[in-house]
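Scroll down for the structure; my scribbles are underneath it.
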Amino acid sequence: MSGAPREAACQHVAARIVEKTQENARTVMLALDAALECIPGQFAMLWLPGVDEKPFSIAGADPLSFAISRVGPFSERVHALEPGDRIWIRGPFGAGFSAAPGRALLVGGGYGAAPLAFLARALLACGGKVDAALGARGVGDLLFVKRFRDLGAAVHVATEDGSAGMRGRVTDVVRPLLRAGGIDRLHACGPEAMLDALASLCTETGTPAELSYEAYMRCGVGICGSCEHNERLVCRDGPVFTIPTGHASGS
Amino acid sequence: MSGAPREAACQHVAARIVEKTQENARTVMLALDAALECIPGQFAMLWLPGVDEKPFSIAGADPLSFAISRVGPFSERVHALEPGDRIWIRGPFGAGFSAAPGRALLVGGGYGAAPLAFLARALLACGGKVDAALGARGVGDLLFVKRFRDLGAAVHVATEDGSAGMRGRVTDVVRPLLRAGGIDRLHACGPEAMLDALASLCTETGTPAELSYEAYMRCGVGICGSCEHNERLVCRDGPVFTIPTGHASGS
Amino acid sequence: MCALPSTSPDLSCRIAGVRLRSPLVLASGIWGTSPSLLVRAARSGAGAVTAKTCTPEPRRGHRNPSAVDWGHGLLNAMGLPNPGAEEEVSLLRTAAKALAPLGVPLIASISADTVKDFGAAAALVAQAEPSLIEVNISCPNVQAEHGEMFASSARSAAAVTAAVKASTSIPCIVKLSPNVPDIAAIARAVVAEGADAITAINTMPGMLVDAESGMPVLANRSGGISGAALKPIALRCVHEIAAAVSVPIIGTGGVLTGTDAVEMISAGAACVGVGTAIVGRGAEAFSFILEELTVWLRERGYASLDQIRGRTQRPCSPSVTNRPPIPGTHVS
Amino acid sequence: MCALPSTSPDLSCRIAGVRLRSPLVLASGIWGTSPSLLVRAARSGAGAVTAKTCTPEPRRGHRNPSAVDWGHGLLNAMGLPNPGAEEEVSLLRTAAKALAPLGVPLIASISADTVKDFGAAAALVAQAEPSLIEVNISCPNVQAEHGEMFASSARSAAAVTAAVKASTSIPCIVKLSPNVPDIAAIARAVVAEGADAITAINTMPGMLVDAESGMPVLANRSGGISGAALKPIALRCVHEIAAAVSVPIIGTGGVLTGTDAVEMISAGAACVGVGTAIVGRGAEAFSFILEELTVWLRERGYASLDQIRGRTQRPCSPSVTNRPPIPGTHVS
Ligand SMILES: Cc1cc2nc3c(=O)[nH]c(=O)nc-3n(C[C@H](O)[C@H](O)[C@H](O)COP(=O)(O)OP(=O)(O)OC[C@H]3O[C@@H](n4cnc5c(N)ncnc54)[C@H](O)[C@@H]3O)c2cc1C
Ligand SMILES: Cc1cc2nc3c(=O)[nH]c(=O)nc-3n(C[C@H](O)[C@H](O)[C@H](O)COP(=O)(O)OP(=O)(O)OC[C@H]3O[C@@H](n4cnc5c(N)ncnc54)[C@H](O)[C@@H]3O)c2cc1C
Ligand SMILES: Cc1cc2nc3c(=O)[nH]c(=O)nc-3n(C[C@H](O)[C@H](O)[C@H](O)COP(=O)(O)O)c2cc1C
Ligand SMILES: Cc1cc2nc3c(=O)[nH]c(=O)nc-3n(C[C@H](O)[C@H](O)[C@H](O)COP(=O)(O)O)c2cc1C
Ligand code: FES
Ligand code: FES
């Protein structure tokens, strides 16, 4: 009994990359050797000491995974890491998606699909059915099409340049699905404009929805106000919000 | 879910006196409305804000009780308290007695009997048999004779002035009991001279013993060194020590 | 225990003539200066809300990690990100308008690099007519002209106070720092220059180190300790300041529960700042603390906060008991 | 993970020419000056042991409560109970004799009310020939001649150091306090007067209040914070001092585990003081911490403490990433 005091839940853990998979032209999936008790829709902060620390959705819990799109200097640094290298994580943060039986439509815009394959597995595990609608600018930005197919989900694809699936926005494939009926719930993650369009569609069709937003994050623990979005804190009240109530969902 | 943070185990609790019983000429038993998870032989610090804080053996856990002898200014203040008044406690501190089946002899000198009735109940509860040897200067200092009798223990009494039981020291009644054999274990609490005499007797007769010592206590948590006794810290390694090893006993 | 009185205890208090219906004050920097979040704090039970400190020029603040929960509170170095005093004025105006119907006064907060700029910033935010202006001379995460906080010496703290008082007639609160040898001396100096109230305390400078990388955890290396670990430091500072000056004190640091608030008011605080509590207890921290405080007072039959304020200042009677023995003399 | 090297890492370190086989130093005031308890610490794994601070005259110390575990560490105001410097000399002699066969150096500790008395106390304890003398100018529980700790200002800290250095040729360590605006300035001042090493830090002044009675919990009202809550304060002080001076630092404050020791050495400490760890982990705290430190180093392939010392001082490259946005400008 060496009586070592416990560490705080939210301090950094130095994890090691055990697998790195190229998912699309600008996105890699990193599997780490650390564990977080978390649900789909929650996020973690990834830290490279001396560089920066940024929020990323948890893309899988076992192994703990993140899908990182290269969009700027930090994500570029992360892309340069190889299996065996270290990356520091802390989390989980925020309120995630709720998992319920019924037929769910999962809508991902670009790297917004990151938390959705994790969610699909949770939905299937609790007896739900999953459709996926994935949108991106072009085929190079489409994320997780194969992962969703492998899970047995019906996958609907839209690209703005028409390089894969339907030419247009993801809302163009979602609209007919919602209007056709039979979708019990919509879960989405992606750019704000996409989420706002989906919110209108869901209100119009009376579809309950959970939407995951992004915002510029500093503290990550709901105290600094940096991530405010419509009077709510994305890092703590969200990132997943239900509509029409606008309240945080998940646990 | 108000998420109130937990308090430290060892901060003061303001307890209320629910019963006050005169036990002998200079000792009262105070029953409090607080609870401590503790074993016999452990002690607590009793605090009167603005006055002082002193160590006292736990004389019972349900209700939480202390037997306080009036020996100086602090114990005098405690004696002045009445049911309904407040007294502050923190604890438990230290290593207590161990409870095992077999025939145990409990030896108390003066208010040293304080933890022994509590111990007797624990010994009886685990199938042990209890003899008690109680000593004091005079009948007015004898503690817990009736309590031990009520528990069904054989009680042997010695007073220096002969005002009750055998005239002499408690060791005078203990010696023949140990030499006669049949005592599996001795537990004692009282003045140092008594404990040292008992230690010799136990070594001589090969009787395993647990002896509870006193020392001047400041921190109570084993850090200040004030309570050192034979290279050990009474507040932490003790107050109960086993002989011949001199190691702490209990949990 | 006495029977619960049917009436609720009076939780109101005053800072420099401004009445608060609840003694809980949203501490500066918590939730920024977003008007909607300030309203959220007021709705949850804050009796007054303090805006994020603004500076003459906009500041981006430090990179991440900028705030870390280390198990005994928070360590942060946000680096005073703020839109600058001019933009702040419009945020404060919006906030004040939204808060007015709730009866919750708004406290503006300013900081600057020079004594002169403190005066200018005060004059600027005064345009938004906040009820009070808090003068943050104690942020550990920015450097003043001479490389030390203005709260570090009685002289510089007094100079800032004088400059602010000369720039506005809105009552001003000076916010002090714990890492000084004698905080009471600083308090006396700012009160002598007209400070109408004191907030005690800002965070205590600290650093966390990541063992694996050997790097400081915060991007800014060091930051300010708030929350649980700060409470005894804050209680001590409030106790010392209350003994030294008679202006009201916003006792701030590690108040997480109603009992913590009782302790802070017992140490002499007029009212109680709340910040880091939100990390552990969520946005509803104010309502939880307020409820706990109300129940605590009611169960003990206290009718108002005045009845528990400053109890740590009462003399005690140490001569009642024998003095401890001299140690070591019996050691073999 | 790399394979474990078969050899154990070298845990030795040096303070002012004195070699320690383990970097863990029993902090002053822990277990008093009882020779048998100092030996117990040495046997458990301390590489050096510091005696309780002694003063020219015996002191009884404060009444109880004198030490309270408040959940985030300890708050204590023992009040420097000690038998006085003269009696201390004989205790130190006994202790030094018992420690010699273990190869564990003894550090004496002194305090006094005047600069002159510091010199006299140093000369006195030097008679016992301790390996080092620690000069405690930072006890928050006693008052110096001018009502402030000597550690409060560079001037008074330097004066004490000069007096001690003039009184003895035994290397001296000056122990600093965290409640100053700029601890590096104090460190520079004492090193300029010849301090051979620095202990950082002593406890941080704080107070706990009992809500029920409204009284301070400690009989002395305020006391010093040690343990978990002190760690980030200590790490920050050690980091700042290590950047300012080149004498060895005994990094002290909140070291409870081997990882804490790694952090302290990473911040620049030569070795690590341990005190309050004993409350949570018992008398065997030294052996636990030493074992954890050894395993940590071995698992990572470090051969000695030099390889991890001062890593927080390395420059980082903050220009790698984009700066944070200015906040508030998008708020509706
Ligand atoms: C809750 C949440 C979950 C996210 N999940 C993922 C994910 O699973 N996969 C993924 O690739 N990206 C995710 N992101 C976005 C990710 O944080 C940014 O892509 C990353 O911070 C960009 O850093 P950079 O230095 O590479 O680029 P930059 O040049 O710094 O930024 C590129 C873009 O990212 C935005 N951004 C930068 N920093 C932050 C920040 N701290 N918080 C929010 N946005 C920021 C910028 O506004 C800009 O639009 C998530 C963001 C949030 C808030
Ligand atoms: C582990 C332990 C258990 C105890 N259990 C009991 C008990 O169950 N009932 C009981 O009546 N008494 C008990 N005592 C003794 C009790 O602490 C003292 O009687 C009390 O502190 C006296 O305070 P006073 O001001 O009344 O008298 P004082 O005039 O202060 O002291 C009278 C005697 O008590 C001793 N004493 C004073 N303070 C302390 C202290 N902090 N620690 C140890 N000894 C002290 C003095 O040396 C003196 O011999 C116990 C002591 C210890 C160490
Ligand atoms: C994230 C964060 C940001 C802060 N920003 C400011 C600030 O801008 N101005 C200021 O005066 N104090 C600031 N503080 C200090 C708080 O107002 C408060 O004094 C401190 O946190 C202690 O209170 P607490 O323990 O209740 O959090 C900040 C504290 C935190 C945690
Ligand atoms: C009970 C107690 C007594 C102390 N007595 C002294 C002392 O006499 N002299 C001194 O320099 N420091 C004293 N200190 C401070 C410690 O030496 C150390 O600097 C401080 O406790 C921080 O280390 P820690 O967190 O490991 O305990 C004492 C600390 C405690 C807890
Ligand atoms: S990032 Fe600080 S409140 Fe959300
Ligand atoms: S009373 Fe402090 S060590 Fe026992």
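Each chain in the structure tokens gets a letter, A, B and so on, in the order shown; residues start at 1 in every chain, and ligands are counted from 1 in the order they appear.
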For chain A versus ligand 1, which residues have an atom no more than 6 Å away, and what is each residue's nearest atom pair and distance in Å rounded to one decimal, using only C-alpha atoms and all ligand atoms, chain-then-number order, as a Markdown table?
```
| residue | atom | partner | partner_atom_place_in_ligand_line | distance |
| --- | --- | --- | --- | --- |
| A:Phe43 | CA | ligand 1 | 1 (C) | 5.7 |
| A:Lys54 | CA | ligand 1 | 41 (N) | 4.5 |
| A:Pro55 | CA | ligand 1 | 17 (O) | 4.3 |
| A:Phe56 | CA | ligand 1 | 5 (N) | 3.4 |
| A:Ser57 | CA | ligand 1 | 8 (O) | 3.9 |
| A:Ala67 | CA | ligand 1 | 9 (N) | 5.1 |
| A:Ile68 | CA | ligand 1 | 11 (O) | 3.6 |
| A:Ser69 | CA | ligand 1 | 11 (O) | 3.7 |
| A:Arg70 | CA | ligand 1 | 26 (O) | 5.9 |
| A:Val71 | CA | ligand 1 | 26 (O) | 4.8 |
| A:Gly72 | CA | ligand 1 | 27 (O) | 3.3 |
| A:Pro73 | CA | ligand 1 | 25 (O) | 4.1 |
| A:Phe74 | CA | ligand 1 | 25 (O) | 3.4 |
| A:Ser75 | CA | ligand 1 | 26 (O) | 3.6 |
| A:Glu76 | CA | ligand 1 | 26 (O) | 5.9 |
| A:Tyr111 | CA | ligand 1 | 9 (N) | 5.4 |
| A:Ala114 | CA | ligand 1 | 8 (O) | 4.8 |
| A:Glu214 | CA | ligand 1 | 53 (C) | 3.9 |
| A:Ala215 | CA | ligand 1 | 43 (C) | 4.7 |
| A:Tyr216 | CA | ligand 1 | 42 (N) | 3.7 |
| A:Met217 | CA | ligand 1 | 42 (N) | 4.3 |
| A:Pro239 | CA | ligand 1 | 1 (C) | 5.6 |
```
Problem set entry | Exercise answer, chain C residues close to chain A, 7 Å and only C-alpha atoms, as a list of chain:residue names | C:Gly29, C:Ile30, C:Trp31, C:Gly32, C:Ser36, C:Leu37, C:Arg63, C:Asn64, C:Pro65, C:Ser66, C:Ala67, C:Val68, C:Asp69, C:Trp70, C:Gly71, C:Glu212, C:Ser213, C:Met215, C:Ala219, C:Ile278, C:Val279
Per residue of chain C within 7 Å of chain D, note the shortest atom pair and the distance in Å to one decimal, counting only C-alpha atoms, and order the rows by chain and increasing residue number, as JSON lines.
```
{"residue": "C:Ser34", "atom": "CA", "partner": "D:Val331", "partner_atom": "CA", "distance": 6.8}
{"residue": "C:Pro58", "atom": "CA", "partner": "D:Ile326", "partner_atom": "CA", "distance": 6.7}
{"residue": "C:Arg59", "atom": "CA", "partner": "D:Ile326", "partner_atom": "CA", "distance": 6.1}
{"residue": "C:Arg60", "atom": "CA", "partner": "D:Ile326", "partner_atom": "CA", "distance": 4.5}
{"residue": "C:Gly61", "atom": "CA", "partner": "D:Pro324", "partner_atom": "CA", "distance": 6.7}
{"residue": "C:Arg63", "atom": "CA", "partner": "D:Pro324", "partner_atom": "CA", "distance": 6.3}
{"residue": "C:His72", "atom": "CA", "partner": "D:His72", "partner_atom": "CA", "distance": 6.5}
{"residue": "C:Pro81", "atom": "CA", "partner": "D:Pro327", "partner_atom": "CA", "distance": 6.3}
{"residue": "C:Asn82", "atom": "CA", "partner": "D:Pro327", "partner_atom": "CA", "distance": 5.5}
{"residue": "C:Pro83", "atom": "CA", "partner": "D:Pro327", "partner_atom": "CA", "distance": 5.6}
{"residue": "C:Ser152", "atom": "CA", "partner": "D:Pro181", "partner_atom": "CA", "distance": 5.7}
{"residue": "C:Asn179", "atom": "CA", "partner": "D:Asn179", "partner_atom": "CA", "distance": 4.3}
{"residue": "C:Val180", "atom": "CA", "partner": "D:Val180", "partner_atom": "CA", "distance": 4.5}
{"residue": "C:Pro181", "atom": "CA", "partner": "D:Val180", "partner_atom": "CA", "distance": 5.4}
{"residue": "C:Pro205", "atom": "CA", "partner": "D:Ile233", "partner_atom": "CA", "distance": 6.4}
{"residue": "C:Gly206", "atom": "CA", "partner": "D:Ile233", "partner_atom": "CA", "distance": 4.3}
{"residue": "C:Met207", "atom": "CA", "partner": "D:Arg236", "partner_atom": "CA", "distance": 4.6}
{"residue": "C:Leu208", "atom": "CA", "partner": "D:Pro232", "partner_atom": "CA", "distance": 5.4}
{"residue": "C:Val209", "atom": "CA", "partner": "D:Glu263", "partner_atom": "CA", "distance": 5.5}
{"residue": "C:Asp210", "atom": "CA", "partner": "D:Glu263", "partner_atom": "CA", "distance": 6.8}
{"residue": "C:Ala211", "atom": "CA", "partner": "D:Glu263", "partner_atom": "CA", "distance": 5.3}
{"residue": "C:Gly214", "atom": "CA", "partner": "D:Arg311", "partner_atom": "CA", "distance": 5.2}
{"residue": "C:Met215", "atom": "CA", "partner": "D:Thr312", "partner_atom": "CA", "distance": 4.9}
{"residue": "C:Pro216", "atom": "CA", "partner": "D:Thr312", "partner_atom": "CA", "distance": 5.9}
{"residue": "C:Ser222", "atom": "CA", "partner": "D:Arg236", "partner_atom": "CA", "distance": 6.6}
{"residue": "C:Ala229", "atom": "CA", "partner": "D:Ala229", "partner_atom": "CA", "distance": 5.0}
{"residue": "C:Pro232", "atom": "CA", "partner": "D:Gly206", "partner_atom": "CA", "distance": 4.6}
{"residue": "C:Ile233", "atom": "CA", "partner": "D:Gly206", "partner_atom": "CA", "distance": 4.3}
{"residue": "C:Leu235", "atom": "CA", "partner": "D:Met207", "partner_atom": "CA", "distance": 5.7}
{"residue": "C:Arg236", "atom": "CA", "partner": "D:Met207", "partner_atom": "CA", "distance": 4.6}
{"residue": "C:Thr259", "atom": "CA", "partner": "D:Ala211", "partner_atom": "CA", "distance": 6.5}
{"residue": "C:Val262", "atom": "CA", "partner": "D:Ala211", "partner_atom": "CA", "distance": 6.0}
{"residue": "C:Glu263", "atom": "CA", "partner": "D:Ala211", "partner_atom": "CA", "distance": 5.3}
{"residue": "C:Ser266", "atom": "CA", "partner": "D:Gly214", "partner_atom": "CA", "distance": 5.6}
{"residue": "C:Arg311", "atom": "CA", "partner": "D:Gly214", "partner_atom": "CA", "distance": 5.1}
{"residue": "C:Thr312", "atom": "CA", "partner": "D:Met215", "partner_atom": "CA", "distance": 4.9}
{"residue": "C:Arg323", "atom": "CA", "partner": "D:Arg63", "partner_atom": "CA", "distance": 6.6}
{"residue": "C:Pro324", "atom": "CA", "partner": "D:Arg60", "partner_atom": "CA", "distance": 5.5}
{"residue": "C:Pro325", "atom": "CA", "partner": "D:Arg60", "partner_atom": "CA", "distance": 5.5}
{"residue": "C:Ile326", "atom": "CA", "partner": "D:Arg60", "partner_atom": "CA", "distance": 4.5}
{"residue": "C:Pro327", "atom": "CA", "partner": "D:Asn82", "partner_atom": "CA", "distance": 5.5}
{"residue": "C:Gly328", "atom": "CA", "partner": "D:Pro83", "partner_atom": "CA", "distance": 5.7}
{"residue": "C:Thr329", "atom": "CA", "partner": "D:Pro83", "partner_atom": "CA", "distance": 6.2}
{"residue": "C:Val331", "atom": "CA", "partner": "D:Ser34", "partner_atom": "CA", "distance": 6.8}
```
Exercise. Quick one, how far is atom CA of B:Thr159 from atom 14 (N, counted along the ligand's line) of ligand 2?
Worked result: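 Separating atom CA of B:Thr159 from atom 14 (N, counted along the ligand's line) of ligand 2 is a distance of 20.2 Å.
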